[in-house]
>>> print(open('start.cif').read())   # mmCIF, C-alpha atoms and all ligand atoms
data_model
#
loop_
_atom_site.label_atom_id
_atom_site.label_comp_id
_atom_site.auth_asym_id
_atom_site.auth_seq_id
_atom_site.Cartn_x
_atom_site.Cartn_y
_atom_site.Cartn_z
CA MET W 30 0.00 0.00 0.00
CA ALA W 31 1.25 3.56 -0.68
CA SER W 32 3.50 4.63 2.18
CA ASP W 33 1.59 7.71 3.33
CA GLU W 34 -1.65 5.80 3.56
CA THR W 35 -0.65 2.69 5.44
CA ALA W 36 -3.36 1.03 7.45
CA ALA W 37 -3.44 -2.50 8.80
CA PRO W 38 -5.59 -4.58 6.47
CA THR W 39 -8.84 -5.36 8.18
CA ASP W 40 -10.38 -8.79 7.92
CA TRP W 41 -13.03 -7.89 5.39
CA GLN W 42 -10.33 -6.82 2.90
CA LEU W 43 -9.39 -9.94 1.01
CA TYR W 44 -7.10 -8.04 -1.34
CA THR W 45 -4.55 -6.21 0.81
CA GLY W 46 -2.13 -4.79 -1.77
CA GLU W 47 0.83 -6.28 0.10
CA ARG W 48 2.02 -8.21 -2.99
CA VAL W 49 2.36 -11.56 -1.19
CA PRO W 50 0.16 -14.34 -2.64
CA HIS W 51 -2.34 -15.86 -0.19
CA GLU W 52 -5.61 -17.78 -0.04
CA GLY W 53 -7.78 -14.92 1.28
CA ILE W 54 -10.24 -15.38 -1.60
CA GLU W 55 -11.59 -18.41 0.25
CA ARG W 56 -13.10 -16.01 2.78
CA LEU W 57 -15.20 -14.29 0.09
CA PRO W 58 -18.78 -14.46 1.42
CA ASP W 59 -21.78 -15.50 -0.66
CA PRO W 60 -22.94 -12.79 -3.05
CA PRO W 61 -25.82 -10.44 -2.28
CA PRO W 62 -29.07 -12.21 -3.30
CA TRP W 63 -29.47 -10.06 -6.41
CA ARG W 64 -26.03 -11.10 -7.70
CA THR W 65 -26.22 -14.87 -7.26
CA PHE W 66 -25.26 -16.99 -10.26
CA THR W 67 -25.83 -20.70 -10.57
CA GLY W 68 -23.70 -21.95 -13.45
CA GLY W 69 -22.08 -25.37 -13.18
CA PRO W 70 -20.59 -27.87 -12.92
CA PRO W 71 -17.78 -25.90 -11.25
CA LEU W 72 -14.50 -25.55 -13.13
CA PRO W 73 -11.15 -25.08 -11.38
CA VAL W 74 -9.24 -21.91 -12.32
CA PRO W 75 -6.51 -23.03 -14.75
CA PRO W 76 -3.05 -22.98 -13.16
CA GLY W 77 -0.53 -20.29 -14.11
CA ASP W 78 0.54 -16.86 -12.96
CA SER W 79 -1.23 -13.61 -13.75
CA GLY W 80 0.75 -13.20 -16.99
CA ASN W 81 2.59 -9.98 -16.18
CA ARG W 82 4.66 -11.09 -13.25
CA HIS W 83 6.83 -8.04 -12.81
CA ALA W 84 3.95 -5.52 -12.90
CA ALA W 85 1.92 -7.77 -10.57
CA ALA W 86 4.60 -8.27 -7.95
CA SER W 87 5.84 -4.67 -7.85
CA TYR W 88 2.49 -2.84 -7.73
CA ARG W 89 1.77 -0.52 -4.80
CA PRO W 90 -1.94 0.28 -4.84
CA SER W 91 -3.47 3.30 -3.14
CA ARG W 92 -5.80 2.71 -0.21
CA ASP W 93 -8.77 3.68 -2.40
CA ALA W 94 -7.79 1.08 -4.98
CA VAL W 95 -7.53 -1.65 -2.33
CA ARG W 96 -10.93 -0.76 -0.90
CA GLN W 97 -12.70 -0.60 -4.25
CA VAL W 98 -11.20 -3.88 -5.50
CA ASN W 99 -12.63 -5.53 -2.40
CA ALA W 100 -15.99 -3.83 -2.93
CA ALA W 101 -16.11 -5.14 -6.51
CA LEU W 102 -15.29 -8.66 -5.29
CA TYR W 103 -17.98 -8.58 -2.57
CA LEU W 104 -20.68 -6.96 -4.70
CA ARG W 105 -19.89 -8.98 -7.86
CA ARG W 106 -19.80 -5.77 -9.84
CA PRO W 107 -17.34 -4.61 -12.53
CA LEU W 108 -14.65 -2.17 -11.38
CA LEU W 109 -14.25 0.94 -13.53
CA VAL W 110 -10.71 2.29 -13.07
CA THR W 111 -10.05 5.81 -14.33
CA GLY W 112 -6.90 7.92 -14.21
CA ALA W 113 -4.18 9.62 -16.26
CA PRO W 114 -1.82 7.52 -18.43
CA GLY W 115 0.64 5.47 -16.39
CA THR W 116 -1.20 5.69 -13.06
CA GLY W 117 -1.34 1.89 -12.90
CA LYS W 118 -4.87 1.13 -14.13
CA SER W 119 -3.99 -1.97 -16.14
CA SER W 120 -1.35 -3.18 -13.67
CA LEU W 121 -3.96 -3.25 -10.90
CA ALA W 122 -5.69 -6.23 -12.57
CA TYR W 123 -2.43 -8.22 -12.66
CA ALA W 124 -1.61 -7.30 -9.07
CA VAL W 125 -4.97 -8.58 -7.76
CA ALA W 126 -4.74 -11.84 -9.73
CA HIS W 127 -1.21 -12.38 -8.42
CA GLU W 128 -2.02 -11.75 -4.76
CA LEU W 129 -5.32 -13.66 -4.66
CA GLY W 130 -4.22 -16.62 -6.82
CA LEU W 131 -6.88 -15.97 -9.46
CA GLY W 132 -4.77 -17.34 -12.32
CA LYS W 133 -4.01 -15.82 -15.67
CA VAL W 134 -5.60 -12.43 -16.37
CA LEU W 135 -7.93 -12.55 -19.36
CA HIS W 136 -6.88 -9.46 -21.32
CA TRP W 137 -9.37 -7.88 -23.71
CA PRO W 138 -7.93 -4.77 -25.40
CA ILE W 139 -10.70 -2.49 -26.70
CA THR W 140 -10.68 -0.38 -29.87
CA SER W 141 -13.49 1.29 -31.80
CA ARG W 142 -13.71 -1.82 -34.02
CA VAL W 143 -14.33 -4.27 -31.15
CA ALA W 144 -17.88 -5.56 -30.63
CA LEU W 145 -19.37 -7.60 -27.79
CA ARG W 146 -19.32 -10.76 -29.88
CA ASP W 147 -15.49 -10.51 -30.30
CA GLY W 148 -15.12 -10.82 -26.54
CA LEU W 149 -17.60 -13.67 -26.20
CA TYR W 150 -16.52 -16.15 -28.86
CA GLU W 151 -15.30 -16.69 -32.42
CA TYR W 152 -16.85 -19.21 -34.73
CA ASP W 153 -15.21 -20.22 -38.02
CA PRO W 154 -17.92 -21.82 -40.20
CA LEU W 155 -15.90 -21.67 -43.44
CA THR W 156 -13.04 -23.80 -42.18
CA ARG W 157 -15.60 -26.18 -40.71
CA LEU W 158 -17.29 -26.45 -44.10
CA TYR W 159 -14.01 -27.13 -45.91
CA ALA W 160 -13.12 -29.77 -43.33
CA ALA W 161 -16.51 -31.45 -43.81
CA GLU W 162 -15.99 -31.43 -47.61
CA ARG W 163 -12.57 -33.00 -47.22
CA ALA W 164 -13.92 -35.62 -44.84
CA ARG W 165 -16.62 -36.54 -47.38
CA GLU W 166 -14.05 -36.86 -50.16
CA ASP W 167 -11.82 -39.05 -47.99
CA GLY W 168 -14.71 -41.38 -47.17
CA PRO W 169 -15.10 -43.14 -43.81
CA ARG W 170 -11.32 -42.90 -43.15
CA GLY W 171 -11.41 -39.13 -42.94
CA ALA W 172 -14.70 -38.68 -41.08
CA THR W 173 -14.31 -36.48 -37.99
CA GLY W 174 -17.56 -37.44 -36.31
CA PRO W 175 -20.68 -35.40 -35.61
CA ASP W 176 -19.34 -33.44 -32.62
CA ASP W 177 -16.54 -31.49 -34.30
CA ILE W 178 -17.97 -27.96 -33.90
CA GLY W 179 -15.70 -27.36 -30.90
CA ASP W 180 -12.72 -27.39 -33.28
CA TYR W 181 -14.07 -24.21 -34.87
CA LEU W 182 -15.40 -22.37 -31.86
CA ARG W 183 -13.19 -20.53 -29.41
CA LEU W 184 -14.35 -18.48 -26.44
CA GLY W 185 -12.87 -14.98 -26.16
CA PRO W 186 -11.68 -13.34 -22.94
CA LEU W 187 -15.18 -12.26 -21.90
CA GLY W 188 -16.71 -15.61 -22.86
CA THR W 189 -14.02 -17.45 -20.90
CA ALA W 190 -14.34 -15.24 -17.81
CA LEU W 191 -18.04 -16.15 -17.57
CA LEU W 192 -17.45 -19.93 -17.50
CA PRO W 193 -18.60 -21.47 -14.20
CA TYR W 194 -15.25 -21.18 -12.41
CA GLU W 195 -15.24 -21.84 -8.69
CA ARG W 196 -13.03 -18.74 -8.10
CA PRO W 197 -13.49 -15.43 -9.89
CA ARG W 198 -11.33 -15.04 -12.98
CA VAL W 199 -9.82 -11.59 -13.59
CA LEU W 200 -11.00 -9.98 -16.84
CA LEU W 201 -9.17 -6.83 -17.93
CA VAL W 202 -11.35 -4.82 -20.33
CA ASP W 203 -8.57 -2.45 -21.26
CA GLU W 204 -9.34 1.10 -22.45
CA ILE W 205 -13.10 0.79 -22.63
CA ASP W 206 -13.30 4.52 -23.37
CA LYS W 207 -11.95 3.74 -26.89
CA SER W 208 -14.95 1.52 -27.66
CA ASP W 209 -17.77 1.91 -30.09
CA ILE W 210 -20.69 3.79 -28.51
CA ASP W 211 -22.78 0.60 -27.92
CA LEU W 212 -20.22 -1.59 -26.21
CA PRO W 213 -20.55 -0.33 -22.60
CA ASN W 214 -24.30 -0.94 -22.58
CA ASP W 215 -23.97 -4.32 -24.32
CA LEU W 216 -21.48 -5.31 -21.66
CA LEU W 217 -23.77 -4.24 -18.86
CA THR W 218 -26.51 -6.51 -20.13
CA ILE W 219 -24.11 -9.47 -20.07
CA PHE W 220 -22.80 -8.56 -16.61
CA GLU W 221 -26.36 -8.26 -15.26
CA LYS W 222 -27.25 -11.73 -16.50
CA GLY W 223 -23.85 -13.35 -15.92
CA SER W 224 -24.79 -15.51 -18.86
CA TYR W 225 -24.76 -15.69 -22.68
CA GLU W 226 -25.90 -17.97 -25.47
CA LEU W 227 -23.84 -19.41 -28.33
CA VAL W 228 -26.50 -19.59 -31.04
CA GLU W 229 -24.46 -22.01 -33.17
CA LEU W 230 -24.55 -24.52 -30.33
CA ALA W 231 -28.07 -23.81 -29.10
CA ARG W 232 -29.64 -24.83 -32.41
CA ARG W 233 -27.84 -28.19 -32.69
CA ALA W 234 -29.42 -31.51 -31.80
CA GLU W 235 -26.47 -32.60 -29.64
CA PRO W 236 -26.83 -31.20 -26.12
CA THR W 237 -23.10 -30.70 -25.45
CA ALA W 238 -20.00 -29.45 -27.24
CA ARG W 239 -16.37 -29.17 -26.14
CA VAL W 240 -14.97 -25.79 -27.16
CA MET W 241 -11.63 -23.96 -26.96
CA THR W 242 -11.13 -21.12 -24.48
CA ALA W 243 -9.09 -17.92 -24.45
CA ASP W 244 -6.60 -19.76 -22.23
CA SER W 245 -6.00 -22.80 -24.38
CA THR W 246 -6.86 -24.52 -27.65
CA THR W 247 -6.16 -27.96 -26.22
CA ASP W 248 -7.90 -27.98 -22.81
CA ARG W 249 -11.52 -27.89 -23.94
CA VAL W 250 -14.52 -27.04 -21.78
CA GLU W 251 -17.93 -28.58 -22.14
CA ILE W 252 -20.91 -26.36 -22.89
CA ARG W 253 -24.40 -27.70 -22.41
CA ASP W 254 -27.45 -26.52 -24.41
CA GLY W 255 -25.46 -23.70 -25.97
CA THR W 256 -25.54 -21.53 -22.84
CA VAL W 257 -22.78 -20.38 -20.49
CA THR W 258 -23.67 -19.12 -17.01
CA CYS W 259 -21.07 -17.99 -14.53
CA ARG W 260 -20.72 -19.27 -10.98
CA ALA W 261 -18.15 -17.04 -9.26
CA PHE W 262 -18.70 -13.67 -10.93
CA PRO W 263 -15.37 -12.57 -12.48
CA LEU W 264 -13.43 -9.57 -11.20
CA VAL W 265 -13.93 -7.32 -14.23
CA VAL W 266 -11.44 -4.44 -14.35
CA MET W 267 -12.43 -1.86 -16.98
CA THR W 268 -9.86 0.88 -17.54
CA SER W 269 -10.49 4.35 -18.95
CA ASN W 270 -8.30 7.37 -19.62
CA GLY W 271 -11.38 9.54 -19.42
CA GLU W 272 -11.80 10.02 -23.18
CA ARG W 273 -15.50 9.32 -22.75
CA GLU W 274 -18.22 10.13 -20.24
CA PHE W 275 -20.22 7.05 -19.28
CA PRO W 276 -23.99 7.24 -18.80
CA PRO W 277 -25.38 7.14 -15.23
CA ALA W 278 -27.03 3.76 -15.94
CA PHE W 279 -23.58 2.36 -16.66
CA LEU W 280 -21.88 4.01 -13.69
CA ARG W 281 -24.48 2.88 -11.18
CA ARG W 282 -23.78 -0.76 -12.03
CA CYS W 283 -20.02 -0.40 -11.52
CA VAL W 284 -17.73 0.12 -8.57
CA THR W 285 -15.47 3.04 -9.52
CA VAL W 286 -12.01 4.20 -8.52
CA ASP W 287 -9.94 7.09 -9.83
CA LEU W 288 -6.19 6.50 -9.62
CA LYS W 289 -4.03 9.52 -8.86
CA GLN W 290 -0.37 10.22 -9.52
CA PRO W 291 1.77 9.57 -6.41
CA ALA W 292 1.47 12.72 -4.32
CA THR W 293 4.86 12.76 -2.59
CA VAL W 294 8.50 12.06 -3.41
CA GLU W 295 8.41 9.29 -0.78
CA GLU W 296 5.55 7.51 -2.54
CA LEU W 297 7.33 7.72 -5.88
CA THR W 298 10.54 6.49 -4.28
CA ALA W 299 8.73 3.47 -2.87
CA ILE W 300 7.36 2.62 -6.34
CA VAL W 301 10.81 2.99 -7.93
CA ARG W 302 12.39 0.85 -5.23
CA GLU W 303 9.82 -1.86 -5.88
CA HIS W 304 10.61 -1.91 -9.61
CA LEU W 305 14.32 -1.12 -9.78
CA GLY W 306 15.79 -1.48 -6.29
CA GLY W 307 17.32 -4.82 -7.19
CA VAL W 308 18.77 -3.47 -10.44
CA VAL W 309 20.21 -0.03 -9.79
CA GLY W 310 20.82 -0.50 -6.07
CA ALA W 311 22.72 -3.77 -6.42
CA ASP W 312 24.81 -2.61 -9.42
CA HIS W 313 26.10 0.39 -7.54
CA GLY W 314 27.05 -1.73 -4.59
CA GLU W 315 25.69 0.96 -2.32
CA GLY W 316 24.12 -0.40 0.83
CA THR W 317 21.62 -3.20 0.94
CA GLU W 318 19.71 -4.46 -2.05
CA GLY W 319 16.68 -2.31 -2.76
CA GLU W 320 18.28 0.93 -1.54
CA LEU W 321 18.41 3.54 -4.29
CA PRO W 322 21.68 5.29 -5.20
CA ASP W 323 21.89 9.12 -5.03
CA GLY W 324 21.62 9.41 -8.84
CA ALA W 325 18.21 7.72 -8.78
CA ARG W 326 16.97 9.96 -5.98
CA GLU W 327 18.01 13.04 -7.96
CA ILE W 328 16.04 11.87 -10.99
CA ILE W 329 12.98 11.23 -8.82
CA GLU W 330 13.15 14.81 -7.54
CA ARG W 331 13.68 16.06 -11.10
CA PHE W 332 10.63 14.07 -12.27
CA PHE W 333 8.55 15.44 -9.43
CA ALA W 334 9.54 19.05 -10.23
CA ARG W 335 8.86 18.56 -13.95
CA ARG W 336 5.49 16.94 -13.21
CA SER W 337 4.30 20.15 -11.60
CA LYS W 338 4.60 21.71 -15.08
CA GLY W 339 3.03 19.05 -17.27
CA LEU W 340 1.80 15.50 -17.72
CA LEU W 341 4.31 12.72 -17.03
CA ALA W 342 3.69 9.01 -16.35
CA ASN W 343 5.28 6.80 -13.72
CA ASP W 344 6.87 4.47 -16.24
CA GLN W 345 8.73 7.39 -17.85
CA LEU W 346 10.47 7.84 -14.52
CA LEU W 347 11.36 4.14 -14.40
CA ASN W 348 12.80 4.37 -17.93
CA ALA W 349 14.81 7.48 -17.05
CA ILE W 350 16.32 5.93 -13.93
CA TYR W 351 17.23 2.74 -15.76
CA MET W 352 18.86 4.64 -18.66
CA CYS W 353 20.67 7.15 -16.48
CA HIS W 354 21.98 4.41 -14.24
CA HIS W 355 23.77 2.88 -17.24
CA ALA W 356 24.82 6.22 -18.76
CA SER W 357 26.24 7.47 -15.44
CA PHE W 358 29.24 5.13 -15.73
CA SER W 359 30.62 7.06 -18.74
CA GLU W 360 28.81 10.43 -18.95
CA SER W 361 29.05 13.69 -17.02
CA PRO W 362 26.24 14.53 -14.54
CA GLU W 363 25.01 17.29 -16.92
CA THR W 364 24.69 14.86 -19.84
CA VAL W 365 22.90 12.36 -17.61
CA ALA W 366 20.42 15.03 -16.50
CA GLU W 367 19.80 15.98 -20.13
CA LEU W 368 19.22 12.31 -20.99
CA ALA W 369 16.72 12.05 -18.12
CA ASP W 370 14.67 14.95 -19.50
CA GLN W 371 14.71 13.47 -22.99
CA VAL W 372 13.53 10.09 -21.75
CA MET W 373 10.67 11.72 -19.86
CA PRO W 374 9.20 14.36 -22.21
CA TYR W 375 5.87 15.92 -21.31
CA LEU W 376 2.92 13.91 -22.60
CA SER W 377 0.50 16.78 -22.91
CA ARG W 378 1.00 19.51 -25.51
CA ASP W 379 -0.96 21.98 -23.37
CA THR W 380 2.12 22.39 -21.23
CA ALA W 381 4.65 22.83 -24.08
CA GLY W 382 4.78 26.58 -23.59
CA LEU W 383 5.60 26.18 -19.92
CA ASP W 384 8.71 24.14 -20.55
CA ASP W 385 11.95 26.03 -20.54
CA ASP W 386 14.30 23.13 -20.11
CA GLY W 387 14.08 21.34 -23.40
CA GLY W 388 11.76 18.46 -22.59
CA ALA W 389 8.42 19.53 -23.97
CA PRO W 390 7.17 18.71 -27.45
CA ARG W 391 7.14 21.73 -29.75
N1 LIG P 1 1.14 2.32 -7.89
C1 LIG P 1 2.09 1.75 -8.65
N2 LIG P 1 2.98 0.89 -8.10
C2 LIG P 1 3.94 0.32 -8.84
N3 LIG P 1 4.10 0.53 -10.17
C3 LIG P 1 3.25 1.37 -10.76
C4 LIG P 1 2.19 2.02 -10.04
N4 LIG P 1 1.49 2.81 -10.90
C5 LIG P 1 2.08 2.63 -12.10
N5 LIG P 1 3.13 1.78 -12.02
C6 LIG P 1 3.99 1.34 -13.13
O1 LIG P 1 3.85 2.30 -14.16
C7 LIG P 1 3.75 1.64 -15.42
C8 LIG P 1 2.47 2.00 -16.10
O2 LIG P 1 1.39 1.32 -15.48
P1 LIG P 1 0.09 0.89 -16.28
O3 LIG P 1 0.44 0.44 -17.66
O4 LIG P 1 -0.66 -0.04 -15.40
O5 LIG P 1 -0.66 2.28 -16.35
P2 LIG P 1 -2.04 2.64 -17.04
O6 LIG P 1 -2.75 3.54 -16.08
O7 LIG P 1 -2.75 1.42 -17.47
O8 LIG P 1 -1.56 3.48 -18.29
P3 LIG P 1 -2.30 3.71 -19.71
O9 LIG P 1 -3.47 4.62 -19.44
O10 LIG P 1 -1.25 4.38 -20.54
O11 LIG P 1 -2.70 2.36 -20.22
C9 LIG P 1 3.92 0.15 -15.16
O12 LIG P 1 5.27 -0.18 -15.34
C10 LIG P 1 3.51 0.02 -13.70
O13 LIG P 1 4.13 -1.11 -13.15
MG MG P 2 -3.30 0.66 -19.36
#
>>> encode(input="start.cif", output="structure tokens", more="lines below")
Ligand SMILES: Nc1ncnc2c1ncn2[C@@H]1O[C@H](COP(=O)(O)OP(=O)(O)OP(=O)(O)O)[C@@H](O)[C@H]1O
Ligand SMILES: [Mg+2]
Amino acid sequence: MASDETAAPTDWQLYTGERVPHEGIERLPDPPPWRTFTGGPPLPVPPGDSGNRHAAASYRPSRDAVRQVNAALYLRRPLLVTGAPGTGKSSLAYAVAHELGLGKVLHWPITSRVALRDGLYEYDPLTRLYAAERAREDGPRGATGPDDIGDYLRLGPLGTALLPYERPRVLLVDEIDKSDIDLPNDLLTIFEKGSYELVELARRAEPTARVMTADSTTDRVEIRDGTVTCRAFPLVVMTSNGEREFPPAFLRRCVTVDLKQPATVEELTAIVREHLGGVVGADHGEGTEGELPDGAREIIERFFARRSKGLLANDQLLNAIYMCHHASFSESPETVAELADQVMPYLSRDTAGLDDDGGAPR
């Protein structure tokens, strides 16, 4: 948790933000009656880490973020995470999956061309048709049997997250503000029901099919009567840079949290130490592992001063410290400082006029 906001995790908070994996998710109480889902039979969460190990294990969430992640877990509601670029919106999803042992994060990047169906499943009827033709030509030797539709149907990240897992999966709906105008409402309908139909399966005579998932093309899951209903509602993390206002009907069905830039040099230092302490600290041979050398502290202060003039993101600071650490072995302090500014240019053109030290875009 961010250093200026430390508070002992209370029992109700399953996600603590302390970055150490644990089994706290087993204490998650039953959902409120209006958010109970009855899908089954229960599936175990596939083994594997969250998929972005470094971001997950080095993330220091704010107290607000910790609280709202827990609220989303308890209420079985999607979490809408807003904030400026680089404030850690996407990383939060990986951090929660890592700490609570929720397996691989299902990542669904959103653009204006993405529709609900892309997240649910993909069906490839043409390849299925060609395969059926070939099987006919080959005679009985080549026949693939009547239940081959699962070879041509793969669930997407949203479709997979809604399978009847016994623990919530983490679904990252990344940059939902870039979506087509209809997607947020379409998503809400699915999240209200916790269920969807695969029409291609529903209209077949066979009651079951074994389909591919977003996790794997080999480990199939069985779908009965062409319908998927969730069991443990997934932790849905929807990120937004604020390029779009969402309607009240959408907002009222979400838990929301706005991530802020670290407010103090100490907070920023703690984040840098988490990411780079083992790299720059150890290389310099200064003190214990994790301690930052003076050069890194100077760049943090420089970043903080520059940020008061314009938009900068946390990962620009990490890049600058990493680069300057290597450059400092052969370059003068002035050249290193210049390099730092070039590696962390302002991200917003509004502030270009304010910059008098060469870093702003012109
Ligand atoms: N609170 C934090 N603790 C540790 N690392 C952080 C924190 N906030 C951001 N970072 C680091 O900053 C970088 C950017 O984070 P991330 O990609 O999650 O930001 P974002 O808000 O999703 O940005 P964008 O809007 O550009 O997608 C990552 O390397 C992440 O690990
Ligand atoms: Mg992001």
>>> atom_distance(input="start.cif", atom1="atom C9 of ligand LIG 1 (chain P)", atom2="atom CA of W:Pro107")
21.9 Å
>>> residues_near_ligand(input="start.cif", ligand="ligand MG 2 (chain P)", cutoff="9 Å", atoms="only C-alpha atoms and all ligand atoms", output="JSON, numbers by chain")
{"W": [114, 115, 116, 117, 118, 119, 120, 203, 204, 268, 269, 270]}
>>> residues_near_ligand(input="start.cif", ligand="ligand LIG 1 (chain P)", cutoff="9 Å", atoms="all atoms listed in the file", output="VMD selection string")
chain W and resid 30 to 31 83 to 91 110 to 123 203 to 204 268 to 270 288 to 291 296 to 297 299 to 301 303 to 304 342 to 347
>>> atom_distance(input="start.cif", atom1="atom CA of W:Val309", atom2="atom CA of W:Pro362")
16.5 Å
>>> closest_atom_pairs(input="start.cif", of="stretch 211-302 of chain W", to="stretch 42-62 of chain W", cutoff="12 Å", atoms="only C-alpha atoms", output="tab-separated table")
residue	atom	partner	partner_atom	distance
W:Arg260	CA	W:Pro60	CA	10.5
W:Ala261	CA	W:Pro60	CA	8.9
W:Phe262	CA	W:Pro60	CA	9.0
W:Leu264	CA	W:Ile54	CA	11.7
>>> closest_residue(input="start.cif", among="W:Cys353, W:Val372, W:Leu191, W:Val365", to="W:Leu341", atoms="all atoms listed in the file")
W:Val372
>>> atom_distance(input="start.cif", atom1="atom CA of W:Ala164", atom2="atom CA of W:Gly185")
27.9 Å
>>> residues_around(input="start.cif", residues="W:Val265", least_positions_apart="6", cutoff="8 Å", atoms="only C-alpha atoms", output="list in words")
Arg106, Pro107, Leu108, Val199, Leu200, Leu201 and Val202 of chain W
>>> closest_residue(input="start.cif", among="W:Arg157, W:Val95, W:Arg198, W:Arg165", to="W:Ala126", atoms="only C-alpha atoms")
W:Arg198
>>> closest_residue(input="start.cif", among="W:Leu155, W:Ala94, W:Leu109, W:Leu212", to="W:Ser141", atoms="all atoms listed in the file")
W:Leu212
>>> residues_around(input="start.cif", residues="stretch 239-243 of chain W", least_positions_apart="3", cutoff="6 Å", atoms="only C-alpha atoms", output="MDAnalysis selection string")
chainID W and resid 179 182:186 189 246 249:251
>>> closest_residue(input="start.cif", among="W:Ile350, W:Ala292, W:Val284, W:Ala161", to="W:Leu305", atoms="only C-alpha atoms")
W:Ile350
>>> closest_residue(input="start.cif", among="W:His354, W:Arg232, W:Arg146, W:Arg335", to="W:Ile219", atoms="only C-alpha atoms")
W:Arg146
>>> axis_aligned_box(input="start.cif", around="stretch 350-357 of chain W", padding_each_side="6 Å", output="AutoDock Vina command-line options")
--center_x 21.3 --center_y 5.1 --center_z -16.3 --size_x 21.9 --size_y 16.7 --size_z 16.8
>>> closest_residue(input="start.cif", among="W:Tyr103, W:Tyr150, W:Tyr194, W:Phe275", to="W:Glu226", atoms="only C-alpha atoms")
W:Tyr150
